[in-house]
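> Sharing a structure with you now.
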Amino acid sequence: MQQLIRGRVLDFHADPAETTDNHRYWENGAILVQDGRILAVGDHADLAREGLEEIDHRPHLILPGFIDPHIHFPQLQVVASWGAQLLDWLNTYTFPAEAEFADPDHAARMAGLFLDQLTAHGTTTAVAFCSSHKASADALFTAAHARNMAMSAGKVMMDRNAIPAVQDTAQSSYDDSRALIAAWHGKGRQRYAITPRFAITSTPEQLAAAGALAAEHPDCHIQTHLSENLDEIAYTLSLYPQARDYLDIYESHGLLSPRLLLGHSIHLEPREIARMAETGSRAVFCPTSNLFLGSGLFDADGLRAAGIVSGIATDVGGGTSWSMLQTLNEGYKVLQMRGQKLHPLAAFHWATRGNALALGLEAEIGTLTPGSAADLVVLDPRATPAMALRAERATTLAEELFILQIMGDDRAVAQTYVAGQAMKAGGR
Ligand code: GUN
Ligand code: ZN
């Protein structure tokens, strides 16, 4: 069955930070959807026909659904935990919360709530860290698969420097990851992400196991954390005294590749930047988290100039908002502090096609190109009285987008479609 989703339609085919020919916009547009895929996009007049089911979202904007390339599933109740920087925050709040995900019932309940929050905020794909328990990853994949929602996720590998309830071993983390890959990688829209948490919580034996998994499954993502916090870096280097720098720890275990997503990547040495560029490894900017945990200011322009592809992500629960709009808002401010600019077109490109490129999934998600999944977000730039008041003075698309970028949150998400299915109230 086909349906026509109508509104003001926008997507990107290039990065506005690099070129002026970067987006397509149909003021009176529509997207033709069949079996969860986009069949066509264009002017409503060219796509409408007698008898076709039509959903009219005018005057709202319709974009590809947001992609969140770094989020922690078992931290949905950790958001807004007071007063600590990274290492204290992990020990005080995060590891105890993650310990509860050993319980499959808790994990299953949280998985549904996690996906509900993502789609309420317009996010249709995420790359998620689960807890160290296999059950947490099974729960998330089961829930995402039932919703036909594209997820990349993995159980964290962590065999030291944490409470026993969240520790695995090098061997068990290898075995559990392998079993999860066999069960879920490539099943429907699910993908596996090999997930060594970070060097502090992995022995060299465990990073070697992660490297073996990466070699055995080269199309899996690999996700970890890099150079987020100065105390973290010092402690990491003390644990790996032979390493040239933090990145070298991951490099020497065979983890660098275009599939590698390096969360935070803030305090980098020139050699690290050069090696990330040479190996195609991705950086992921997590602005609300970096501000909340006092971690530091990401250098978006510097990494782009070096040839590194970056994503932008919430990092819930170090991050304080599920909203990619709020993430773009805080990203704008972080870059202001660096003397850099995040133009609204570049911002919306980043949260959609840019993040898809960072994941290597641009043929499937992130644009409205026919053949892509019908993962869509419907945005209302006048969602609140304050936004409507501001919008009275907006005369261009870029100004409207900037209102969404700075003032928007889940209230501005009028609808979210996952593989053609409406996910917000009334839709499911
Ligand atoms: N580094 C290692 N684990 C984590 C985590 O859960 N959150 C953040 N922000 N940084 C980390
Ligand atoms: Zn993280």
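Here, A, B, ... name the chains of the structure tokens in the order displayed, residue numbers run from 1 inside each chain, and ligands are numbered from 1 in the same displayed order.
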Check which residues of chain A sit at most 9 Å from ligand 2 using only C-alpha atoms and all ligand atoms, and return one row each with the closest pair of atoms and their distance in Å to one decimal, ordered by chain and rising number, as a Markdown table.

| residue | atom | partner | partner_atom_place_in_ligand_line | distance |
| --- | --- | --- | --- | --- |
| A:His70 | CA | ligand 2 | 1 (Zn) | 6.2 |
| A:Ile71 | CA | ligand 2 | 1 (Zn) | 6.1 |
| A:His72 | CA | ligand 2 | 1 (Zn) | 6.3 |
| A:Ala128 | CA | ligand 2 | 1 (Zn) | 8.8 |
| A:Phe129 | CA | ligand 2 | 1 (Zn) | 7.5 |
| A:Arg197 | CA | ligand 2 | 1 (Zn) | 8.2 |
| A:Thr224 | CA | ligand 2 | 1 (Zn) | 7.4 |
| A:His225 | CA | ligand 2 | 1 (Zn) | 6.3 |
| A:Gly263 | CA | ligand 2 | 1 (Zn) | 6.0 |
| A:His264 | CA | ligand 2 | 1 (Zn) | 7.7 |
| A:Cys286 | CA | ligand 2 | 1 (Zn) | 8.2 |
| A:Ser289 | CA | ligand 2 | 1 (Zn) | 8.5 |
| A:Thr314 | CA | ligand 2 | 1 (Zn) | 8.8 |
| A:Asp315 | CA | ligand 2 | 1 (Zn) | 5.2 |
| A:Val316 | CA | ligand 2 | 1 (Zn) | 7.5 |
| A:Gly317 | CA | ligand 2 | 1 (Zn) | 8.1 |
| A:Gly318 | CA | ligand 2 | 1 (Zn) | 7.0 |
| A:Gly319 | CA | ligand 2 | 1 (Zn) | 8.4 |
> Could you pull out the residues in range 230-423 of chain A that DSSP calls strand (DSSP E or B) from the backbone, as a PyMOL selection string?
chain A and resi 260-264+282-285+310-312+316+319+373+376-379+413-418+421-422
> Considering only C-alpha atoms, can you say which of A:Lys341, A:Arg411, A:His349, A:His13 comes closest to Leu379 in chain A?
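Among A:Lys341, A:Arg411, A:His349, A:His13, it is A:Arg411 that comes nearest to Leu379 in chain A.
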> Applying 6 Å and only C-alpha atoms, which residues near range 353-369 of chain A remain after dropping the ones on its own chain fewer than 6 positions away? List them as a list in words.
Asp11, Pro64 and Gly311 of chain A
> Measuring atom to atom with only C-alpha atoms, identify which of A:Phe292, A:Phe73, A:Trp184, A:Trp350 is nearest to Ile312 in chain A.
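Counting only C-alpha atoms, the residue closest to Ile312 in chain A is A:Trp350.
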> May I ask which of the residues A:Thr352, A:Thr384, A:Ser295, A:Asn229 is the closest one to Phe66 in chain A, counting only C-alpha atoms?
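Going through A:Thr352, A:Thr384, A:Ser295, A:Asn229 one by one, the smallest distance to Phe66 in chain A is for A:Thr352.
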> Identify, on the basis of only C-alpha atoms, every residue whose closest approach to range 204-215 of chain A does not exceed 7 Å; exclude the query and any residue fewer than 3 positions from it along the same chain; express the result as number ranges by chain.
A: 170, 174, 194, 196, 218, 253-255
> A:Ala146, A:Ala97, A:Leu247, A:Ile308: which is nearest Gly188 in chain A, counting only C-alpha atoms?
A:Ala146
> Have a look at A:Trp82, A:Tyr240, A:Phe101, A:Phe285 and name the one nearest to ligand 1; count only C-alpha atoms and all ligand atoms.
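Residue with the minimum atom-to-atom distance to ligand 1: A:Phe285.
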> Using only C-alpha atoms, which residues sit within 12 Å of Glu53 in chain A once same-chain residues fewer than 4 positions away are excluded, as number ranges by chain?
A: 1-6, 31-34, 47-49
